[in-house]
Every structure is written in C-alpha cells, then in structure tokens.
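J.: My structure is stored as query37.txt, with compact mmCIF, C-alpha atoms.
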# COMPACT_ATOMS: atom_id res chain seq x y z
CA PHE N 1 60.25 -20.45 25.56
CA ALA N 2 62.67 -21.83 28.11
CA LEU N 3 61.22 -24.17 30.68
CA ARG N 4 62.91 -24.54 34.02
CA ASP N 5 63.93 -27.97 35.18
CA PRO N 6 61.37 -29.05 37.81
CA ALA N 7 64.19 -30.61 39.90
CA SER N 8 65.94 -27.23 39.96
CA THR N 9 62.77 -25.51 41.18
CA ARG N 10 62.21 -28.14 43.88
CA LEU N 11 65.84 -27.89 45.01
CA GLU N 12 65.63 -24.08 45.24
CA ARG N 13 62.52 -24.44 47.41
CA GLU N 14 64.34 -26.90 49.69
CA ALA N 15 67.38 -24.60 49.93
CA GLN N 16 65.27 -21.57 50.87
CA ARG N 17 63.37 -23.62 53.45
CA LEU N 18 66.57 -25.05 54.99
CA ALA N 19 68.19 -21.60 55.13
CA ALA N 20 65.14 -20.31 57.05
CA LEU N 21 65.21 -23.31 59.43
CA LEU N 22 68.92 -22.79 60.07
CA GLU N 23 68.32 -19.13 60.92
CA ILE N 24 65.47 -20.05 63.31
CA ALA N 25 67.71 -22.57 65.08
CA ARG N 26 70.60 -20.09 65.12
CA ALA N 27 68.42 -17.43 66.76
CA GLU N 28 67.15 -19.91 69.36
CA SER N 29 70.69 -21.03 70.16
CA ARG N 30 71.82 -17.44 70.68
CA ALA N 31 68.75 -16.57 72.77
CA THR N 32 69.15 -19.57 75.09
CA GLY N 33 72.95 -19.64 75.13
CA VAL N 34 72.90 -23.37 74.34
CA PRO N 35 75.15 -24.77 71.60
CA ALA N 36 73.22 -26.06 68.58
CA LEU N 37 74.20 -28.06 65.50
CA TRP N 38 72.55 -29.15 62.26
CA MET N 39 73.55 -32.50 60.77
CA PRO N 40 72.30 -34.48 57.78
CA THR N 41 71.57 -38.10 58.63
CA PRO N 42 72.94 -41.00 56.60
CA ALA N 43 70.93 -41.90 53.50
CA GLY N 44 68.17 -44.34 54.29
CA ASP N 45 67.78 -43.31 57.95
CA PRO N 46 64.07 -43.92 58.59
CA ALA N 47 63.87 -41.50 61.53
CA ALA N 48 64.80 -38.21 59.83
CA ALA N 49 66.67 -36.67 56.89
CA PHE N 50 68.52 -34.20 59.11
CA ARG N 51 68.69 -33.25 62.77
CA PHE N 52 68.93 -30.15 64.90
CA VAL N 53 71.00 -31.06 67.97
CA GLY N 54 71.06 -29.04 71.18
CA LEU N 55 67.80 -27.13 70.82
CA ARG N 56 65.29 -27.23 73.65
CA ALA N 57 62.84 -30.12 73.69
CA GLY N 58 59.93 -27.82 72.78
CA SER N 59 61.53 -26.86 69.46
CA ARG N 60 59.67 -28.68 66.76
CA LEU N 61 61.64 -27.82 63.66
CA PRO N 62 61.05 -30.17 60.72
CA GLU N 63 63.61 -32.92 60.16
CA GLU N 64 62.43 -34.08 56.73
CA TRP N 65 62.87 -32.79 53.20
CA LEU N 66 59.78 -31.85 51.23
CA ASP N 67 61.18 -33.98 48.37
CA ASP N 68 62.48 -37.44 49.33
CA GLY N 69 65.24 -37.30 46.70
CA VAL N 70 67.17 -34.43 48.32
CA ARG N 71 70.58 -35.20 49.80
CA ALA N 72 72.88 -32.92 51.81
CA GLU N 73 76.63 -32.93 52.37
CA VAL N 74 78.55 -30.81 54.85
CA ALA N 75 82.30 -30.41 55.26
CA GLY N 76 82.93 -31.75 58.75
CA GLY N 77 79.54 -33.47 58.83
CA ARG N 78 77.79 -30.78 60.87
CA VAL N 79 76.90 -27.09 60.86
CA VAL N 80 77.50 -25.05 64.02
CA LEU N 81 74.55 -22.73 64.69
CA GLY N 82 75.53 -21.04 67.92
CA PRO N 83 75.38 -19.70 70.54
CA ASP N 84 78.29 -17.48 69.47
CA ALA N 85 77.42 -14.47 67.34
CA ILE N 86 80.41 -15.07 65.07
CA LEU N 87 80.65 -18.57 63.61
CA PRO N 88 83.09 -20.18 61.18
CA PRO N 89 82.20 -19.96 57.48
CA GLN N 90 80.00 -22.93 56.60
CA ARG N 91 78.63 -24.55 53.48
CA ILE N 92 76.01 -27.20 52.78
CA VAL N 93 75.68 -28.76 49.32
CA LEU N 94 72.17 -29.92 48.45
CA ALA N 95 71.60 -32.33 45.59
CA LEU N 96 68.49 -33.54 43.80
CA GLY N 97 69.23 -35.76 40.84
CA GLU N 98 71.83 -33.93 38.75
CA GLN N 99 71.01 -30.54 40.27
CA ARG N 100 73.30 -28.99 42.92
CA LEU N 101 72.79 -25.93 45.09
CA GLU N 102 74.67 -24.59 48.08
CA ILE N 103 73.57 -22.93 51.28
CA ALA N 104 76.34 -20.91 52.88
CA SER N 105 77.14 -18.40 55.56
CA ASP N 106 80.36 -16.47 56.05
CA GLY N 107 79.84 -16.81 59.80
CA LEU N 108 78.45 -13.30 60.25
CA GLY N 109 75.62 -13.15 57.75
CA ALA N 110 72.54 -15.28 57.37
CA PHE N 111 72.54 -18.62 55.58
CA ALA N 112 71.49 -18.19 51.96
CA ALA N 113 71.22 -20.28 48.80
CA ILE N 114 74.04 -19.63 46.33
CA ALA N 115 75.28 -21.15 43.08
CA PRO N 116 77.69 -24.08 43.61
CA GLN N 117 81.28 -22.88 44.19
CA GLY N 118 83.14 -26.11 43.61
CA PRO N 119 83.13 -29.82 44.32
CA ALA N 120 80.98 -31.18 47.12
CA PRO N 121 82.74 -31.37 50.51
Can you turn what I pasted into structure tokens?
T.:
Amino acid sequence: FALRDPASTRLEREAQRLAALLEIARAESRATGVPALWMPTPAGDPAAAFRFVGLRAGSRLPEEWLDDGVRAEVAGGRVVLGPDAILPPQRIVLALGEQRLEIASDGLGAFAAIAPQGPAP
C-alpha cells in the first residue's frame, strides 16, 4: 500500500479552494468592470494570509488559508483578475512544508492546480 503524504493532500485542497476563489473574484471583476487583484500578504501578517483588492465592499471572500502552514509566492507579487477578458499568463506557487503545487492560468482559461513547472518565482 502507498500512503499519500498528508501535507500533499492538504496542499491540493488549498490549491483547489484558491483556484475557485480566484475564479469567483475574476467573474465579479468582469461583471462590475472594476479592476481586481489577488496578493499574498507577508508571512506573519496577523490580518490575513492573502487579499483580494478592488472587489466591492460586500464581497466577503476568505482571506485565510485552511492550514496555517501554507505560503504563496507570485511573480510580480500580485495576480491580475480583471476586468479584461484576456489576462496575462499567471502563476502562483503554493508551499506547505516540502510540498509544492502551482495554480496557473494562461490568461484565457480558468485558474487550475498543476504540477510545479520550475523554481518558485
């Protein structure tokens, strides 16, 4: 029997959750025509683990990881979510312990979890 690493399972859950949150924010940005960004906060920030910037005040998307050990890195420090229909290709590297997983979009398609492609940004 091969047992999966629990950190890997937790990281996959976080990646799927973040990809869904990014798509929700992307849809809201396009619907309202207001620019929106996603940014991880510096490690140790007591207010939130990441932020959605530009969404309307009534948007109550989570800003915390389910697992406190998760860290995110983004080339450029932020992810552009809209309002444009075509965005630049973007990549977020999630880490939990020794495990790494990426969430990426080619700018046209939805954000999705993928196997790591290379070194963290």
J.: Figure out the distance between atom CA of Thr9 of chain N and atom CA of Gly76 of chain N, please, to one decimal in Å.
T.: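 About the pair atom CA of Gly76 of chain N and atom CA of Thr9 of chain N: they are 27.5 Å apart.
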J.: Can you tell me which residues surround Glu23 of chain N at a distance of at most 9 Å, considering only C-alpha atoms, apart from same-chain residues fewer than 3 positions away, and format the answer as a PyMOL selection string?
T.: chain N and resi 18-20+26-28+81+110-111
J.: Measure the distance from atom CA of Thr41 of chain N to atom CA of Ala104 of chain N in Å and round it to one decimal.
T.: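 According to the coordinates, atom CA of Thr41 of chain N and atom CA of Ala104 of chain N are separated by 18.7 Å.
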J.: Quick check, in Å to one decimal: how far apart do atom CA of Val93 of chain N and atom CA of Leu108 of chain N lie?
T.: 19.1 Å
J.: Pick out the closest residue to Trp38 of chain N from this set: N:Ala85, N:Val74, N:Leu55, N:Val79. Count only C-alpha atoms.
T.: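 When distances to Trp38 of chain N are compared using only C-alpha atoms, the smallest one comes from N:Val79.
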